[in-house]
Amino acid sequence: MTIYVVTLPGTLLTELTPEARTELTRALSGSDPRDTDLGAAEDLDLLTFYPDSSAFSLRLEVEAADTASAEAQALDLAQAALRTVGLTGEAAPLGDPVITGIAGA
């Protein structure tokens, strides 16, 4: 198994309260790329919001056998976390996951 850092772009079509943002981060705990050597070295944030935009990025660490499995696992994890704060796929659509780092094997 290999540890991958997967980036998922998204767009918020509804407002995310500070409380929901905290809960989203909590729901994604354990998949924060800062816990890997790569994530720490690259100073990767788990959740990034872009100024003057409704766009955001999630960077997740997942352990998988291959890149396709890593991307699928990260997408499932992100969708589940967004649902925990009441955001559906329509309220916070996600783009295609992209492998942005391989932290170890």
# chains A, B, ... in the order shown; residues from 1 in each chain; ligands from 1
>>> residues_around(residues="Leu47 in chain A", least_positions_apart="5", cutoff="7 Å", atoms="only C-alpha atoms", output="number ranges by chain")
A: 57-59
>>> residues_around(residues="Ile3 in chain A", least_positions_apart="6", cutoff="6 Å", atoms="only C-alpha atoms", output="mmCIF file with N, CA and C atoms, in the first residue's frame")
data_model
loop_
_atom_site.group_PDB
_atom_site.id
_atom_site.type_symbol
_atom_site.label_atom_id
_atom_site.label_comp_id
_atom_site.auth_asym_id
_atom_site.auth_seq_id
_atom_site.Cartn_x
_atom_site.Cartn_y
_atom_site.Cartn_z
ATOM 1 N N VAL A 62 -4.533 9.537 1.762
ATOM 2 C CA VAL A 62 -5.195 8.232 1.775
ATOM 3 C C VAL A 62 -4.158 7.151 1.504
ATOM 4 N N GLU A 63 -4.426 5.982 2.008
ATOM 5 C CA GLU A 63 -3.563 4.832 1.747
ATOM 6 C C GLU A 63 -4.315 3.898 0.812
ATOM 7 N N ILE A 102 2.940 11.593 -3.609
ATOM 8 C CA ILE A 102 3.056 10.230 -3.084
ATOM 9 C C ILE A 102 4.008 10.341 -1.908
ATOM 10 N N ALA A 103 3.454 10.115 -0.711
ATOM 11 C CA ALA A 103 4.211 10.364 0.504
ATOM 12 C C ALA A 103 5.030 9.173 0.955
ATOM 13 N N GLY A 104 4.735 8.009 0.489
ATOM 14 C CA GLY A 104 5.502 6.846 0.914
ATOM 15 C C GLY A 104 4.879 5.570 0.427
#
>>> closest_residue(among="A:Gln73, A:Thr88, A:Thr67, A:Ser29", to="Leu12 in chain A", atoms="only C-alpha atoms")
A:Thr88
>>> residues_around(residues="Ala74 in chain A", least_positions_apart="4", cutoff="7 Å", atoms="only C-alpha atoms", output="list in words")
Val6, Leu60, Val62, Ala70 and Ala78 of chain A
>>> closest_residue(among="A:Thr22, A:Ser53, A:Thr7, A:Thr100", to="Val85 in chain A", atoms="only C-alpha atoms")
A:Thr22
>>> closest_residue(among="A:Leu94, A:Phe49, A:Leu75, A:Gly86", to="Thr14 in chain A", atoms="only C-alpha atoms")
A:Gly86
>>> select_by_dssp(residues="chain A", states="helix (DSSP H, G or I)", output="VMD selection string")
chain A and resid 18 to 27 33 to 35 37 to 42 67 to 84
>>> closest_residue(among="A:Ala65, A:Ala55, A:Val5, A:Leu82", to="Arg26 in chain A", atoms="only C-alpha atoms")
A:Leu82
>>> atom_distance(atom1="CA of Glu19 in chain A", atom2="CA of Gly101 in chain A")
29.6 Å
>>> atom_distance(atom1="CA of Pro93 in chain A", atom2="CA of Pro18 in chain A")
19.3 Å
>>> atom_distance(atom1="CA of Gln79 in chain A", atom2="CA of Gly10 in chain A")
10.7 Å
>>> select_by_dssp(residues="chain A", states="strand (DSSP E or B)", output="VMD selection string")
chain A and resid 2 to 11 47 to 49 55 to 64 94 98 to 104
>>> write_last_selection(atoms="C-alpha atoms", output="short mmCIF file (atom, residue, chain, number, x, y, z; two decimals), in the first residue's frame")
data_model
loop_
_atom_site.label_atom_id
_atom_site.label_comp_id
_atom_site.auth_asym_id
_atom_site.auth_seq_id
_atom_site.Cartn_x
_atom_site.Cartn_y
_atom_site.Cartn_z
CA THR A 2 1.10 3.53 -0.78
CA ILE A 3 0.20 6.81 0.89
CA TYR A 4 -1.12 9.38 -1.58
CA VAL A 5 -1.98 13.04 -1.24
CA VAL A 6 -5.08 13.69 -3.33
CA THR A 7 -6.40 17.16 -4.17
CA LEU A 8 -10.10 17.68 -4.80
CA PRO A 9 -11.29 21.04 -6.16
CA GLY A 10 -14.77 22.18 -5.29
CA THR A 11 -17.20 25.07 -5.31
CA LEU A 47 -8.82 22.85 3.35
CA THR A 48 -8.12 25.96 1.29
CA PHE A 49 -10.65 28.65 0.39
CA ALA A 55 -13.84 27.79 -4.91
CA PHE A 56 -12.02 25.59 -2.44
CA SER A 57 -9.59 22.67 -2.43
CA LEU A 58 -9.36 19.68 -0.15
CA ARG A 59 -6.02 17.91 0.18
CA LEU A 60 -6.40 14.47 1.68
CA GLU A 61 -3.99 11.72 2.62
CA VAL A 62 -5.20 8.23 1.77
CA GLU A 63 -3.56 4.83 1.75
CA ALA A 64 -4.35 2.75 -1.32
CA LEU A 94 -16.45 18.51 -6.33
CA VAL A 98 -5.90 14.54 -8.68
CA ILE A 99 -2.89 12.81 -7.16
CA THR A 100 -0.63 15.65 -6.04
CA GLY A 101 1.89 13.66 -4.08
CA ILE A 102 3.06 10.23 -3.08
CA ALA A 103 4.21 10.36 0.50
CA GLY A 104 5.50 6.85 0.91
#
